[in-house]
Amino acid sequence: MMDEMNRLTDNGIENIEQDGDVIDGLDNLLLLDRTNDLAEEDALYPFALDELLCRHVGMGGAPLCHLWRHPRAFVMGQRDSRLPGAGEAQRWLHSLGYSTGVRNTGGAAVPLDLGVVNISLILPKHERGDKHFHSDFERMYHLIQLALRETGCRVDKGEVEGAYCPGDFDLSIGGRKFCGIAQRRQAHAYIVQAFVIAAGSGRESTQLVRAFYERAAAGAERLDHPVVTEESTASLEESAGLGSGAAEVFTEAVKRVIRTRQTAQGLTEAAAKLWLPEPDQVRETMELFQRRYGIAP
């Protein structure tokens with residue numbers, strides 16, 4: 001392991017083993033891998049599940065890494081839902097067979113398919129306030145950085161001009177974005193969510209998002225939404241050479257990183273505190289999201 005970390009440093013990638021305040025606390029992190037659980041068609045289901053799991057973690061429950069995918073969805077940010085043509089744009093997406101929803105975390109519109117691996121780190125707060133706000137983003141950044149260590153690619157952090165769902169914690173390879181990170185904070189726990197474009201075409205996903213904003217803006221100028229360009233985004237299949245099975249390869253890499261940091265004692269203690277909500281409880285939360293954030297018909 002030390003030889004591997006030394007090679008990372010030689011390649012210009014930060015040795016995060018020495019950055020304990022960012023990557024520590026994974027000894028009792030449980031893995032919830034739902035990347036092949038595709039029965040739930042509603043795009044909001046995993047977000048509602050995260051919300052309930054976070055509430056339980058805040059009450060002393062086991063911390064989790066939730067991995068999931070959706071076969072065909074388009075998830076909007078709250079600002080997107082307030083654009084003048086958002087309802088029409090949503091109906092257009094439905095006509096193309098997309099499940100849609102407005103998420104309760106930050107960020108803007110993101111298309112999902114089986115090539116996109118979503119990661120949710122659901123962790124307890126250890127102190128009051130938001131003093132660790134940015135370090136929580138860093139934790140996700142370094143997790144993904146480690147998962148890609150064997151590719152030899154440098155993972156950069158910082159907003160990518162022209163990318164959809166832009167932010168300070170855009171992750172990119174060779175100047176093209178493959179991942180965005182958002183956060184949801186509750187009173188005693190928080191969720192850091194990342195979407196990782198592992199497989200497929202970055203150009204096609206940007207074209208879909210740009211077409212959405214063209215409809216959602218309804219011809220109005222100077223609206224607050226991202227200006228998306230086709231060359232801004234690339235999947236890991238395209239930029240890191242992960243191949244056609246990139247989503248599965250990346251998922252397994254994330255799980256390996258976490259497993260190397262789990263301990264027998266941490267897992268035993270976490271397993272005793274594990275709780276998963278019933279599907280009906282998740283759907284009740286989905287309905288709450290729809291009432292609170294949904295686009296008026």
# chains A, B, ... in the order shown; residues from 1 in each chain; ligands from 1
>>> select_by_dssp(residues="region 89-226 of chain A", states="strand (DSSP E)", output="VMD selection string")
chain A and resid 99 to 102 110 to 113 116 to 124 156 to 157 171 to 173 176 to 185 189 to 197
>>> residues_around(residues="Leu31 (chain A)", least_positions_apart="3", cutoff="9 Å", atoms="only C-alpha atoms", output="mmCIF file with C-alpha atoms, in the first residue's frame")
data_model
loop_
_atom_site.group_PDB
_atom_site.id
_atom_site.type_symbol
_atom_site.label_atom_id
_atom_site.label_comp_id
_atom_site.auth_asym_id
_atom_site.auth_seq_id
_atom_site.Cartn_x
_atom_site.Cartn_y
_atom_site.Cartn_z
ATOM 1 C CA PRO A 63 -22.728 6.045 8.631
ATOM 2 C CA LEU A 64 -23.154 4.900 5.056
ATOM 3 C CA CYS A 65 -21.826 5.138 1.532
ATOM 4 C CA HIS A 66 -24.838 4.768 -0.754
ATOM 5 C CA LEU A 67 -24.022 3.880 -4.374
ATOM 6 C CA LYS A 255 -15.804 0.034 -2.768
ATOM 7 C CA ILE A 258 -13.608 2.118 1.472
ATOM 8 C CA ARG A 259 -12.966 -1.515 2.345
#
>>> residues_around(residues="region 47-51 of chain A", least_positions_apart="2", cutoff="8 Å", atoms="only C-alpha atoms", output="list in words")
Ala43, Leu44, Tyr45, Leu53, Cys54, Arg55, His66, Arg103, Asn104, Ser120, Ile122, Ile191, Pro277, Val282, Arg283, Thr285, Met286 and Phe289 of chain A
>>> closest_atom_pairs(of="region 14-117 of chain A", to="region 207-211 of chain A", cutoff="9 Å", atoms="only C-alpha atoms", output="JSON lines")
{"residue": "A:Phe74", "atom": "CA", "partner": "A:Val209", "partner_atom": "CA", "distance": 8.8}
{"residue": "A:Ala89", "atom": "CA", "partner": "A:Ala211", "partner_atom": "CA", "distance": 8.7}
{"residue": "A:Ala109", "atom": "CA", "partner": "A:Val209", "partner_atom": "CA", "distance": 7.0}
{"residue": "A:Val110", "atom": "CA", "partner": "A:Val209", "partner_atom": "CA", "distance": 7.2}
{"residue": "A:Pro111", "atom": "CA", "partner": "A:Val209", "partner_atom": "CA", "distance": 7.2}
>>> write_last_selection(atoms="N, CA, C and O atoms", output="PDB file, in the first residue's frame")
ATOM      1  N   PHE A  74     -33.726  12.704 -15.231  1.00  0.00           N
ATOM      2  CA  PHE A  74     -33.205  14.066 -15.350  1.00  0.00           C
ATOM      3  C   PHE A  74     -33.571  14.774 -14.057  1.00  0.00           C
ATOM      4  O   PHE A  74     -34.747  14.990 -13.773  1.00  0.00           O
ATOM      5  N   ALA A  89     -40.432  22.355 -20.226  1.00  0.00           N
ATOM      6  CA  ALA A  89     -39.225  21.549 -20.395  1.00  0.00           C
ATOM      7  C   ALA A  89     -39.375  20.191 -19.725  1.00  0.00           C
ATOM      8  O   ALA A  89     -38.916  19.166 -20.244  1.00  0.00           O
ATOM      9  N   ALA A 109     -29.160  21.157 -13.017  1.00  0.00           N
ATOM     10  CA  ALA A 109     -29.672  19.994 -13.735  1.00  0.00           C
ATOM     11  C   ALA A 109     -28.577  18.983 -14.071  1.00  0.00           C
ATOM     12  O   ALA A 109     -27.476  19.346 -14.489  1.00  0.00           O
ATOM     13  N   VAL A 110     -28.940  17.692 -13.916  1.00  0.00           N
ATOM     14  CA  VAL A 110     -28.031  16.584 -14.201  1.00  0.00           C
ATOM     15  C   VAL A 110     -28.831  15.442 -14.832  1.00  0.00           C
ATOM     16  O   VAL A 110     -29.820  14.995 -14.247  1.00  0.00           O
ATOM     17  N   PRO A 111     -28.431  14.954 -15.998  1.00  0.00           N
ATOM     18  CA  PRO A 111     -29.069  13.757 -16.559  1.00  0.00           C
ATOM     19  C   PRO A 111     -28.428  12.499 -15.990  1.00  0.00           C
ATOM     20  O   PRO A 111     -27.219  12.472 -15.722  1.00  0.00           O
TER      21      PRO A 111
END
>>> residues_around(residues="Tyr293 (chain A)", least_positions_apart="3", cutoff="7 Å", atoms="only C-alpha atoms", output="ChimeraX atom specification")
/A:78,102,289-290
>>> closest_residue(among="A:Arg34, A:Arg176, A:Arg291, A:Lys273", to="Arg69 (chain A)", atoms="only C-alpha atoms")
A:Arg34
>>> residues_around(residues="Pro84 (chain A)", least_positions_apart="3", cutoff="8 Å", atoms="only C-alpha atoms", output="list in words")
Gly87, Ala216, Ala217 and Ala218 of chain A
>>> closest_atom_pairs(of="region 183-293 of chain A", to="region 135-151 of chain A", cutoff="8 Å", atoms="only C-alpha atoms", output="Markdown table")
| residue | atom | partner | partner_atom | distance |
| --- | --- | --- | --- | --- |
| A:Gln183 | CA | A:Phe137 | CA | 7.8 |
| A:Val192 | CA | A:Phe137 | CA | 6.8 |
| A:Ala194 | CA | A:Met140 | CA | 7.6 |
| A:Ala240 | CA | A:Thr151 | CA | 6.3 |
| A:Gly241 | CA | A:Thr151 | CA | 7.6 |
| A:Leu242 | CA | A:Thr151 | CA | 7.8 |
| A:Phe250 | CA | A:Ala147 | CA | 7.0 |
| A:Ala253 | CA | A:Ala147 | CA | 4.9 |
| A:Val254 | CA | A:Ala147 | CA | 5.1 |
| A:Arg256 | CA | A:Ala147 | CA | 7.8 |
| A:Val257 | CA | A:Ala147 | CA | 6.2 |
>>> select_by_dssp(residues="region 5-113 of chain A", states="alpha helix (DSSP H)", output="PyMOL selection string")
chain A and resi 5-10+20-23+45-58+78-81+86-95
>>> write_last_selection(atoms="C-alpha atoms", output="mmCIF file, in the first residue's frame")
data_model
loop_
_atom_site.group_PDB
_atom_site.id
_atom_site.type_symbol
_atom_site.label_atom_id
_atom_site.label_comp_id
_atom_site.auth_asym_id
_atom_site.auth_seq_id
_atom_site.Cartn_x
_atom_site.Cartn_y
_atom_site.Cartn_z
ATOM 1 C CA MET A 5 0.760 5.848 -2.298
ATOM 2 C CA ASN A 6 4.331 6.806 -3.175
ATOM 3 C CA ARG A 7 3.568 6.271 -6.843
ATOM 4 C CA LEU A 8 0.545 8.544 -6.476
ATOM 5 C CA THR A 9 2.743 11.279 -5.079
ATOM 6 C CA ASP A 10 5.210 10.810 -7.918
ATOM 7 C CA GLY A 20 -6.227 12.485 7.946
ATOM 8 C CA ASP A 21 -8.723 15.281 8.584
ATOM 9 C CA VAL A 22 -10.181 14.657 5.126
ATOM 10 C CA ILE A 23 -10.198 10.905 4.632
ATOM 11 C CA TYR A 45 -36.434 7.668 -4.680
ATOM 12 C CA PRO A 46 -32.675 7.651 -3.911
ATOM 13 C CA PHE A 47 -32.775 11.263 -2.719
ATOM 14 C CA ALA A 48 -35.648 10.482 -0.362
ATOM 15 C CA LEU A 49 -33.813 7.383 0.827
ATOM 16 C CA ASP A 50 -30.724 9.507 1.549
ATOM 17 C CA GLU A 51 -32.832 11.982 3.502
ATOM 18 C CA LEU A 52 -34.205 9.274 5.795
ATOM 19 C CA LEU A 53 -30.833 7.583 6.221
ATOM 20 C CA CYS A 54 -29.251 10.923 7.106
ATOM 21 C CA ARG A 55 -31.914 11.552 9.738
ATOM 22 C CA HIS A 56 -31.138 8.165 11.293
ATOM 23 C CA VAL A 57 -27.368 8.775 11.194
ATOM 24 C CA GLY A 58 -28.003 12.037 13.032
ATOM 25 C CA GLN A 78 -34.272 24.206 -7.234
ATOM 26 C CA ARG A 79 -33.220 27.219 -9.309
ATOM 27 C CA ASP A 80 -33.907 25.241 -12.477
ATOM 28 C CA SER A 81 -37.457 24.581 -11.312
ATOM 29 C CA ALA A 86 -39.534 24.716 -16.504
ATOM 30 C CA GLY A 87 -42.937 23.036 -16.717
ATOM 31 C CA GLU A 88 -42.804 22.830 -20.501
ATOM 32 C CA ALA A 89 -39.225 21.549 -20.395
ATOM 33 C CA GLN A 90 -40.255 18.898 -17.890
ATOM 34 C CA ARG A 91 -43.126 17.753 -20.123
ATOM 35 C CA TRP A 92 -40.649 17.521 -23.020
ATOM 36 C CA LEU A 93 -38.379 15.291 -20.935
ATOM 37 C CA HIS A 94 -41.331 13.079 -19.997
ATOM 38 C CA SER A 95 -42.140 12.691 -23.700
#
>>> closest_residue(among="A:Leu276, A:Ala39, A:Met76, A:Leu121", to="Tyr190 (chain A)", atoms="only C-alpha atoms")
A:Leu121
>>> closest_residue(among="A:Leu274, A:Ala73, A:Leu30, A:Ala296", to="Gly115 (chain A)", atoms="only C-alpha atoms")
A:Ala73
>>> residues_around(residues="Glu238 (chain A)", least_positions_apart="3", cutoff="8 Å", atoms="only C-alpha atoms", output="PyMOL selection string")
chain A and resi 199-201+234-235+241-243
>>> decode(residues="region 25-131 of chain A", atoms="C-alpha atoms", output="PDB file, in the first residue's frame")
ATOM      1  CA  GLY A  25     -13.640   8.293   9.740  1.00  0.00           C
ATOM      2  CA  LEU A  26     -14.211   5.524   7.199  1.00  0.00           C
ATOM      3  CA  ASP A  27     -13.410   2.673   9.603  1.00  0.00           C
ATOM      4  CA  ASN A  28     -17.112   2.145  10.362  1.00  0.00           C
ATOM      5  CA  LEU A  29     -18.580   3.253   7.030  1.00  0.00           C
ATOM      6  CA  LEU A  30     -21.077   0.702   5.700  1.00  0.00           C
ATOM      7  CA  LEU A  31     -21.539   0.159   1.955  1.00  0.00           C
ATOM      8  CA  LEU A  32     -25.040   0.238   0.506  1.00  0.00           C
ATOM      9  CA  ASP A  33     -24.599  -0.736  -3.139  1.00  0.00           C
ATOM     10  CA  ARG A  34     -27.824  -0.204  -5.093  1.00  0.00           C
ATOM     11  CA  THR A  35     -26.182   0.262  -8.500  1.00  0.00           C
ATOM     12  CA  ASN A  36     -28.019  -2.816  -9.834  1.00  0.00           C
ATOM     13  CA  ASP A  37     -31.279  -2.154  -7.974  1.00  0.00           C
ATOM     14  CA  LEU A  38     -33.250  -0.556 -10.802  1.00  0.00           C
ATOM     15  CA  ALA A  39     -36.793  -1.448  -9.775  1.00  0.00           C
ATOM     16  CA  GLU A  40     -37.689   2.061  -8.562  1.00  0.00           C
ATOM     17  CA  GLU A  41     -38.527   4.210 -11.573  1.00  0.00           C
ATOM     18  CA  ASP A  42     -38.972   7.544  -9.782  1.00  0.00           C
ATOM     19  CA  ALA A  43     -35.839   9.705  -9.900  1.00  0.00           C
ATOM     20  CA  LEU A  44     -36.542  11.049  -6.413  1.00  0.00           C
ATOM     21  CA  TYR A  45     -36.434   7.668  -4.680  1.00  0.00           C
ATOM     22  CA  PRO A  46     -32.675   7.651  -3.911  1.00  0.00           C
ATOM     23  CA  PHE A  47     -32.775  11.263  -2.719  1.00  0.00           C
ATOM     24  CA  ALA A  48     -35.648  10.482  -0.362  1.00  0.00           C
ATOM     25  CA  LEU A  49     -33.813   7.383   0.827  1.00  0.00           C
ATOM     26  CA  ASP A  50     -30.724   9.507   1.549  1.00  0.00           C
ATOM     27  CA  GLU A  51     -32.832  11.982   3.502  1.00  0.00           C
ATOM     28  CA  LEU A  52     -34.205   9.274   5.795  1.00  0.00           C
ATOM     29  CA  LEU A  53     -30.833   7.583   6.221  1.00  0.00           C
ATOM     30  CA  CYS A  54     -29.251  10.923   7.106  1.00  0.00           C
ATOM     31  CA  ARG A  55     -31.914  11.552   9.738  1.00  0.00           C
ATOM     32  CA  HIS A  56     -31.138   8.165  11.293  1.00  0.00           C
ATOM     33  CA  VAL A  57     -27.368   8.775  11.194  1.00  0.00           C
ATOM     34  CA  GLY A  58     -28.003  12.037  13.032  1.00  0.00           C
ATOM     35  CA  MET A  59     -29.688  10.043  15.801  1.00  0.00           C
ATOM     36  CA  GLY A  60     -26.674   7.770  16.207  1.00  0.00           C
ATOM     37  CA  GLY A  61     -27.187   5.379  13.308  1.00  0.00           C
ATOM     38  CA  ALA A  62     -24.480   3.802  11.202  1.00  0.00           C
ATOM     39  CA  PRO A  63     -22.728   6.045   8.631  1.00  0.00           C
ATOM     40  CA  LEU A  64     -23.154   4.900   5.056  1.00  0.00           C
ATOM     41  CA  CYS A  65     -21.826   5.138   1.532  1.00  0.00           C
ATOM     42  CA  HIS A  66     -24.838   4.768  -0.754  1.00  0.00           C
ATOM     43  CA  LEU A  67     -24.022   3.880  -4.374  1.00  0.00           C
ATOM     44  CA  TRP A  68     -26.806   3.985  -6.942  1.00  0.00           C
ATOM     45  CA  ARG A  69     -27.755   4.427 -10.592  1.00  0.00           C
ATOM     46  CA  HIS A  70     -30.902   5.254 -12.547  1.00  0.00           C
ATOM     47  CA  PRO A  71     -31.543   4.034 -16.101  1.00  0.00           C
ATOM     48  CA  ARG A  72     -33.120   7.229 -17.479  1.00  0.00           C
ATOM     49  CA  ALA A  73     -33.698  10.315 -15.350  1.00  0.00           C
ATOM     50  CA  PHE A  74     -33.205  14.066 -15.350  1.00  0.00           C
ATOM     51  CA  VAL A  75     -32.769  15.671 -11.945  1.00  0.00           C
ATOM     52  CA  MET A  76     -33.129  19.438 -11.598  1.00  0.00           C
ATOM     53  CA  GLY A  77     -31.889  21.878  -9.020  1.00  0.00           C
ATOM     54  CA  GLN A  78     -34.272  24.206  -7.234  1.00  0.00           C
ATOM     55  CA  ARG A  79     -33.220  27.219  -9.309  1.00  0.00           C
ATOM     56  CA  ASP A  80     -33.907  25.241 -12.477  1.00  0.00           C
ATOM     57  CA  SER A  81     -37.457  24.581 -11.312  1.00  0.00           C
ATOM     58  CA  ARG A  82     -38.136  28.323 -11.118  1.00  0.00           C
ATOM     59  CA  LEU A  83     -37.231  29.078 -14.734  1.00  0.00           C
ATOM     60  CA  PRO A  84     -40.246  30.390 -16.703  1.00  0.00           C
ATOM     61  CA  GLY A  85     -40.447  27.389 -19.037  1.00  0.00           C
ATOM     62  CA  ALA A  86     -39.534  24.716 -16.504  1.00  0.00           C
ATOM     63  CA  GLY A  87     -42.937  23.036 -16.717  1.00  0.00           C
ATOM     64  CA  GLU A  88     -42.804  22.830 -20.501  1.00  0.00           C
ATOM     65  CA  ALA A  89     -39.225  21.549 -20.395  1.00  0.00           C
ATOM     66  CA  GLN A  90     -40.255  18.898 -17.890  1.00  0.00           C
ATOM     67  CA  ARG A  91     -43.126  17.753 -20.123  1.00  0.00           C
ATOM     68  CA  TRP A  92     -40.649  17.521 -23.020  1.00  0.00           C
ATOM     69  CA  LEU A  93     -38.379  15.291 -20.935  1.00  0.00           C
ATOM     70  CA  HIS A  94     -41.331  13.079 -19.997  1.00  0.00           C
ATOM     71  CA  SER A  95     -42.140  12.691 -23.700  1.00  0.00           C
ATOM     72  CA  LEU A  96     -38.619  11.310 -24.167  1.00  0.00           C
ATOM     73  CA  GLY A  97     -39.143   8.777 -21.384  1.00  0.00           C
ATOM     74  CA  TYR A  98     -37.185  10.500 -18.611  1.00  0.00           C
ATOM     75  CA  SER A  99     -38.222  10.359 -14.989  1.00  0.00           C
ATOM     76  CA  THR A 100     -37.763  13.855 -13.560  1.00  0.00           C
ATOM     77  CA  GLY A 101     -37.531  15.452 -10.146  1.00  0.00           C
ATOM     78  CA  VAL A 102     -36.238  18.453  -8.240  1.00  0.00           C
ATOM     79  CA  ARG A 103     -33.688  17.483  -5.620  1.00  0.00           C
ATOM     80  CA  ASN A 104     -33.311  18.981  -2.176  1.00  0.00           C
ATOM     81  CA  THR A 105     -29.518  19.321  -2.401  1.00  0.00           C
ATOM     82  CA  GLY A 106     -27.601  22.094  -4.107  1.00  0.00           C
ATOM     83  CA  GLY A 107     -26.597  22.155  -7.723  1.00  0.00           C
ATOM     84  CA  ALA A 108     -28.307  22.365 -11.091  1.00  0.00           C
ATOM     85  CA  ALA A 109     -29.672  19.994 -13.735  1.00  0.00           C
ATOM     86  CA  VAL A 110     -28.031  16.584 -14.201  1.00  0.00           C
ATOM     87  CA  PRO A 111     -29.069  13.757 -16.559  1.00  0.00           C
ATOM     88  CA  LEU A 112     -28.755  10.214 -15.236  1.00  0.00           C
ATOM     89  CA  ASP A 113     -28.368   6.888 -17.007  1.00  0.00           C
ATOM     90  CA  LEU A 114     -26.656   3.591 -16.310  1.00  0.00           C
ATOM     91  CA  GLY A 115     -23.296   5.173 -17.091  1.00  0.00           C
ATOM     92  CA  VAL A 116     -23.623   7.622 -14.191  1.00  0.00           C
ATOM     93  CA  VAL A 117     -22.596   6.343 -10.766  1.00  0.00           C
ATOM     94  CA  ASN A 118     -24.009   8.348  -7.862  1.00  0.00           C
ATOM     95  CA  ILE A 119     -22.242   8.355  -4.504  1.00  0.00           C
ATOM     96  CA  SER A 120     -23.764   9.562  -1.237  1.00  0.00           C
ATOM     97  CA  LEU A 121     -21.598   9.804   1.866  1.00  0.00           C
ATOM     98  CA  ILE A 122     -23.984   9.998   4.833  1.00  0.00           C
ATOM     99  CA  LEU A 123     -22.067  10.970   7.952  1.00  0.00           C
ATOM    100  CA  PRO A 124     -22.682  12.412  11.425  1.00  0.00           C
ATOM    101  CA  LYS A 125     -21.713  15.932  12.428  1.00  0.00           C
ATOM    102  CA  HIS A 126     -19.229  15.931  15.263  1.00  0.00           C
ATOM    103  CA  GLU A 127     -19.378  19.624  16.033  1.00  0.00           C
ATOM    104  CA  ARG A 128     -21.974  22.363  15.823  1.00  0.00           C
ATOM    105  CA  GLY A 129     -21.937  24.757  12.925  1.00  0.00           C
ATOM    106  CA  ASP A 130     -20.547  24.381   9.411  1.00  0.00           C
ATOM    107  CA  LYS A 131     -16.812  24.829  10.052  1.00  0.00           C
TER     108      LYS A 131
END
